[in-house]
Amino acid sequence: MFQVAMTCAICGSPTRIIFEAPVLNKYPARYCRCGRCGFVNVADPTWLEEAYRQPINPEDTGILARNLEFSKAAAILIARLFDPRKTFLDYAGGYGIFVRLMRDYGFDFYWHDPFSQNLLARGFEYRPGQGKAELLTAFECFEHFTDPAAELKKMTALSDGLLFSTILLPDPVPRPEDWWYYGRSHGQHLSFYTPASLELLAEKSGLIYHQLSENLHLMSRRRLDQRKLQGLMKPSARDGLFTQALKSVTSLTRDDYLKISGERGSLKDGS
């Protein structure tokens with residue numbers, strides 16, 4: 001019988017250690033599961049400074065394919081469910097790939113990430129005082145959180161809608177050697193969710209959780225039609241819906257160039 005380790009970071013129920021496994025090939029890690037919502041997290045990670053010497057770890061070979069896939073999904077959802085003329089925010093924006101794609105499509109996206117360098121969306125950083133975004137995106141960061149509720153509180157201060165990705169925990173819970181998403185070789189993945197845990201997490205912030213796919217999720221203050229959402233995300237319909245979505249906007253690529261080149265020109269003139 002496993003010992004009680006701590007309380008669940010999402011619902012406050014007791015958790016139990018379900019297994020121990022090495023992280024970064026040297027640090028012992030205890031994986032704890034909530035008896036109520038099924039949330040699994042790593043207790044007391046001591047290796048994070050080493051794990052984040054490179055914020056985006058070199059094992060993330062899917063970074064470009066993922067951004068292309070999620071940019072199409074986001075464009076469809078924004079065009080159908082939100083106001084495409086408003087401002088949007090990519091939280092944990094990494095190198096700025098997603099923001100640049102969305103601005104090229106025609107959506108007024110801004111970048112935010114205190115841990116990574118903005119390489120591709122420079123000049124479009126989110127500034128305090130811009131007001132709430134129509135929708136906040138947060139891709140592949142929920143599994144990095146040590147305190148998901150605290151992080152979600154930060155996000156809901158910035159938007160009432162949240163589109164995010166994280167791969168759901170399989171059932172039954174896989175052993176450490178049987179699931180790549182534990183990320184034990186890089187040590188950055190700490191939290192693993194079930195639909196029940198994400199639903200409870202959303203409720204704590206006054207949001208409603210909608211599962212779009214195995215790895216794509218939406219939280220909103222509005223209850224949305226689940227069948228309609230899943231229909232919008234069907235792979236067979238995505239290309240057509242994406243083409244339709246872009247008809248509602250105009251690419252910002254040229255305007256962004258004029259803005260950035262104009263700012264540089266002012267600097268050169270000494271003004």
# chains A, B, ... in the order shown; residues from 1 in each chain; ligands from 1

call {"tool": "residues_around", "arguments": {"residues": "A:Leu198", "least_positions_apart": "3", "cutoff": "12 Å", "atoms": "only C-alpha atoms", "output": "VMD selection string"}}
result
chain A and resid 9 to 11 37 to 40 142 to 143 148 to 149 152 164 to 169 191 to 195 201 to 205 207 to 211 216 to 219

call {"tool": "residues_around", "arguments": {"residues": "A:Arg227", "least_positions_apart": "5", "cutoff": "12 Å", "atoms": "only C-alpha atoms", "output": "PDB file with N, CA and C atoms, in the first residue's frame"}}
result
ATOM      1  N   HIS A 210     -13.628  22.450 -21.877  1.00  0.00           N
ATOM      2  CA  HIS A 210     -14.058  21.727 -23.072  1.00  0.00           C
ATOM      3  C   HIS A 210     -12.846  20.976 -23.639  1.00  0.00           C
ATOM      4  N   GLN A 211     -12.983  19.676 -23.814  1.00  0.00           N
ATOM      5  CA  GLN A 211     -11.915  18.883 -24.414  1.00  0.00           C
ATOM      6  C   GLN A 211     -12.101  18.861 -25.926  1.00  0.00           C
ATOM      7  N   LEU A 212     -11.081  19.309 -26.661  1.00  0.00           N
ATOM      8  CA  LEU A 212     -11.154  19.360 -28.113  1.00  0.00           C
ATOM      9  C   LEU A 212     -10.558  18.114 -28.759  1.00  0.00           C
ATOM     10  N   SER A 213      -9.517  17.563 -28.143  1.00  0.00           N
ATOM     11  CA  SER A 213      -8.857  16.363 -28.651  1.00  0.00           C
ATOM     12  C   SER A 213      -8.028  15.779 -27.519  1.00  0.00           C
ATOM     13  N   LEU A 232     -15.451  21.218 -35.420  1.00  0.00           N
ATOM     14  CA  LEU A 232     -14.492  22.193 -35.933  1.00  0.00           C
ATOM     15  C   LEU A 232     -13.068  21.655 -35.938  1.00  0.00           C
ATOM     16  N   MET A 233     -12.778  20.702 -35.044  1.00  0.00           N
ATOM     17  CA  MET A 233     -11.430  20.169 -34.916  1.00  0.00           C
ATOM     18  C   MET A 233     -11.202  18.881 -35.703  1.00  0.00           C
ATOM     19  N   LYS A 234     -12.188  18.422 -36.451  1.00  0.00           N
ATOM     20  CA  LYS A 234     -12.020  17.199 -37.233  1.00  0.00           C
ATOM     21  C   LYS A 234     -10.911  17.376 -38.267  1.00  0.00           C
TER      22      LYS A 234
END

call {"tool": "closest_residue", "arguments": {"among": "A:Gln230, A:Ala237, A:Gly93, A:Phe88", "to": "A:Gly106", "atoms": "only C-alpha atoms"}}
result
A:Phe88

call {"tool": "select_by_dssp", "arguments": {"residues": "stretch 75-233 of chain A", "states": "helix (DSSP H, G or I)", "output": "tab-separated table (two decimals) with C-alpha atoms, in the first residue's frame"}}
result
chain	number	residue	atom	x	y	z
A	75	ALA	CA	-7.53	30.40	-36.47
A	76	ILE	CA	-10.63	28.23	-36.92
A	77	LEU	CA	-11.78	28.63	-33.31
A	78	ILE	CA	-11.18	32.38	-33.28
A	79	ALA	CA	-13.08	32.91	-36.53
A	80	ARG	CA	-16.05	30.80	-35.35
A	81	LEU	CA	-16.26	31.50	-31.62
A	97	ILE	CA	6.87	31.08	-33.75
A	98	PHE	CA	3.15	30.96	-33.00
A	99	VAL	CA	2.76	34.74	-32.69
A	100	ARG	CA	4.49	35.30	-36.02
A	101	LEU	CA	2.30	32.70	-37.74
A	102	MET	CA	-0.91	34.16	-36.33
A	103	ARG	CA	0.06	37.72	-37.25
A	104	ASP	CA	0.92	36.55	-40.75
A	105	TYR	CA	-2.57	35.07	-40.98
A	142	PHE	CA	0.63	23.05	-18.42
A	143	GLU	CA	2.80	19.97	-17.93
A	144	HIS	CA	5.61	22.26	-16.71
A	148	PRO	CA	-1.46	24.73	-11.95
A	149	ALA	CA	-4.12	26.66	-10.00
A	150	ALA	CA	-1.77	29.59	-9.36
A	151	GLU	CA	-0.70	29.67	-13.00
A	152	LEU	CA	-4.30	29.56	-14.23
A	153	LYS	CA	-5.12	32.50	-11.96
A	154	LYS	CA	-2.40	34.52	-13.71
A	155	MET	CA	-3.85	33.60	-17.10
A	156	THR	CA	-7.45	34.44	-16.24
A	176	PRO	CA	7.61	5.58	-16.08
A	177	GLU	CA	9.38	3.58	-18.79
A	178	ASP	CA	6.21	3.26	-20.89
A	180	TRP	CA	7.53	9.38	-23.28
A	181	TYR	CA	5.52	12.39	-22.04
A	182	TYR	CA	6.88	12.04	-18.51
A	195	PRO	CA	-10.26	15.37	-18.04
A	196	ALA	CA	-11.69	15.36	-14.49
A	197	SER	CA	-8.69	17.27	-13.13
A	198	LEU	CA	-8.88	19.88	-15.88
A	199	GLU	CA	-12.62	20.29	-15.27
A	200	LEU	CA	-12.02	20.91	-11.56
A	201	LEU	CA	-9.13	23.26	-12.32
A	202	ALA	CA	-11.37	25.30	-14.62
A	203	GLU	CA	-14.18	25.45	-12.06
A	204	LYS	CA	-11.82	26.96	-9.46
A	226	GLN	CA	-19.18	20.20	-27.38
A	227	ARG	CA	-20.32	18.55	-30.63
A	228	LYS	CA	-19.76	21.78	-32.56
A	229	LEU	CA	-16.27	22.15	-31.06
A	230	GLN	CA	-15.27	18.61	-31.97
A	231	GLY	CA	-16.68	19.13	-35.47
A	232	LEU	CA	-14.49	22.19	-35.93

call {"tool": "closest_residue", "arguments": {"among": "A:Ala51, A:Asp44, A:Arg127, A:Pro22", "to": "A:Gly187", "atoms": "only C-alpha atoms"}}
result
A:Ala51

call {"tool": "atom_distance", "arguments": {"atom1": "atom CA of A:Arg222", "atom2": "atom CA of A:Gly96"}}
result
28.6 Å

call {"tool": "closest_residue", "arguments": {"among": "A:Asp113, A:Asp225, A:Asp147, A:Glu134", "to": "A:Cys8", "atoms": "only C-alpha atoms"}}
result
A:Asp147

call {"tool": "residues_around", "arguments": {"residues": "A:Leu136", "least_positions_apart": "6", "cutoff": "6 Å", "atoms": "only C-alpha atoms", "output": "list in words"}}
result
Leu89, Asp90, Ser159 and Leu162 of chain A

call {"tool": "atom_distance", "arguments": {"atom1": "atom CA of A:Gly206", "atom2": "atom CA of A:Met6"}}
result
25.1 Å

call {"tool": "closest_residue", "arguments": {"among": "A:Ile56, A:Ile260, A:Leu241, A:Leu135", "to": "A:Arg221", "atoms": "only C-alpha atoms"}}
result
A:Leu135

call {"tool": "residues_around", "arguments": {"residues": "A:Arg66", "least_positions_apart": "4", "cutoff": "10 Å", "atoms": "only C-alpha atoms", "output": "VMD selection string"}}
result
chain A and resid 60 to 62 70 to 71 98 139 to 140 165

call {"tool": "atom_distance", "arguments": {"atom1": "atom CA of A:Thr146", "atom2": "atom CA of A:Leu158"}}
result
20.0 Å

call {"tool": "residues_around", "arguments": {"residues": "A:Thr87", "least_positions_apart": "6", "cutoff": "8 Å", "atoms": "only C-alpha atoms", "output": "ChimeraX atom specification"}}
result
/A:107-110,133-135

call {"tool": "write_last_selection", "arguments": {"atoms": "N, CA and C atoms", "output": "mmCIF file, in the first residue's frame"}}
result
data_model
loop_
_atom_site.group_PDB
_atom_site.id
_atom_site.type_symbol
_atom_site.label_atom_id
_atom_site.label_comp_id
_atom_site.auth_asym_id
_atom_site.auth_seq_id
_atom_site.Cartn_x
_atom_site.Cartn_y
_atom_site.Cartn_z
ATOM 1 N N PHE A 107 -4.258 37.808 -37.416
ATOM 2 C CA PHE A 107 -4.780 37.953 -36.062
ATOM 3 C C PHE A 107 -3.785 38.736 -35.201
ATOM 4 N N ASP A 108 -4.297 39.688 -34.444
ATOM 5 C CA ASP A 108 -3.455 40.622 -33.698
ATOM 6 C C ASP A 108 -2.947 39.969 -32.403
ATOM 7 N N PHE A 109 -1.972 39.081 -32.544
ATOM 8 C CA PHE A 109 -1.407 38.327 -31.427
ATOM 9 C C PHE A 109 -0.178 39.015 -30.859
ATOM 10 N N TYR A 110 0.025 38.827 -29.540
ATOM 11 C CA TYR A 110 1.206 39.349 -28.849
ATOM 12 C C TYR A 110 1.875 38.236 -28.046
ATOM 13 N N ALA A 133 -7.055 40.128 -23.169
ATOM 14 C CA ALA A 133 -7.060 39.585 -24.524
ATOM 15 C C ALA A 133 -8.379 38.868 -24.781
ATOM 16 N N GLU A 134 -8.795 38.834 -26.031
ATOM 17 C CA GLU A 134 -9.996 38.094 -26.416
ATOM 18 C C GLU A 134 -9.816 36.598 -26.145
ATOM 19 N N LEU A 135 -8.610 36.102 -26.383
ATOM 20 C CA LEU A 135 -8.284 34.694 -26.131
ATOM 21 C C LEU A 135 -6.807 34.607 -25.813
#

call {"tool": "select_by_dssp", "arguments": {"residues": "stretch 90-245 of chain A", "states": "strand (DSSP E)", "output": "PDB file with C-alpha atoms, in the first residue's frame"}}
result
ATOM      1  CA  ASP A  90       0.289  33.782 -26.605  1.00  0.00           C
ATOM      2  CA  TYR A  91       1.329  32.946 -23.052  1.00  0.00           C
ATOM      3  CA  ASP A 108      -3.455  40.622 -33.698  1.00  0.00           C
ATOM      4  CA  PHE A 109      -1.407  38.327 -31.427  1.00  0.00           C
ATOM      5  CA  TYR A 110       1.206  39.349 -28.849  1.00  0.00           C
ATOM      6  CA  TRP A 111       3.985  37.402 -27.164  1.00  0.00           C
ATOM      7  CA  HIS A 112       4.657  36.774 -23.469  1.00  0.00           C
ATOM      8  CA  LEU A 135      -8.284  34.694 -26.131  1.00  0.00           C
ATOM      9  CA  LEU A 136      -5.088  33.493 -24.492  1.00  0.00           C
ATOM     10  CA  THR A 137      -3.159  30.558 -25.955  1.00  0.00           C
ATOM     11  CA  ALA A 138      -0.763  28.436 -23.900  1.00  0.00           C
ATOM     12  CA  PHE A 139       0.772  25.519 -25.746  1.00  0.00           C
ATOM     13  CA  GLY A 161     -10.795  32.390 -22.731  1.00  0.00           C
ATOM     14  CA  LEU A 162      -7.898  29.935 -22.768  1.00  0.00           C
ATOM     15  CA  LEU A 163      -6.838  27.592 -25.573  1.00  0.00           C
ATOM     16  CA  PHE A 164      -4.039  25.270 -24.498  1.00  0.00           C
ATOM     17  CA  SER A 165      -2.351  21.972 -25.207  1.00  0.00           C
ATOM     18  CA  SER A 191       2.123  17.711 -14.055  1.00  0.00           C
ATOM     19  CA  PHE A 192      -0.133  15.270 -15.902  1.00  0.00           C
ATOM     20  CA  ILE A 208     -15.928  25.757 -18.132  1.00  0.00           C
ATOM     21  CA  TYR A 209     -13.635  23.081 -19.539  1.00  0.00           C
ATOM     22  CA  HIS A 210     -14.058  21.727 -23.072  1.00  0.00           C
ATOM     23  CA  GLN A 211     -11.915  18.883 -24.414  1.00  0.00           C
ATOM     24  CA  LEU A 216      -5.979  20.347 -27.245  1.00  0.00           C
ATOM     25  CA  HIS A 217      -8.296  21.987 -24.713  1.00  0.00           C
ATOM     26  CA  LEU A 218     -10.402  25.105 -24.247  1.00  0.00           C
ATOM     27  CA  MET A 219     -11.523  26.881 -21.077  1.00  0.00           C
ATOM     28  CA  SER A 220     -14.096  29.637 -21.327  1.00  0.00           C
TER      29      SER A 220
END
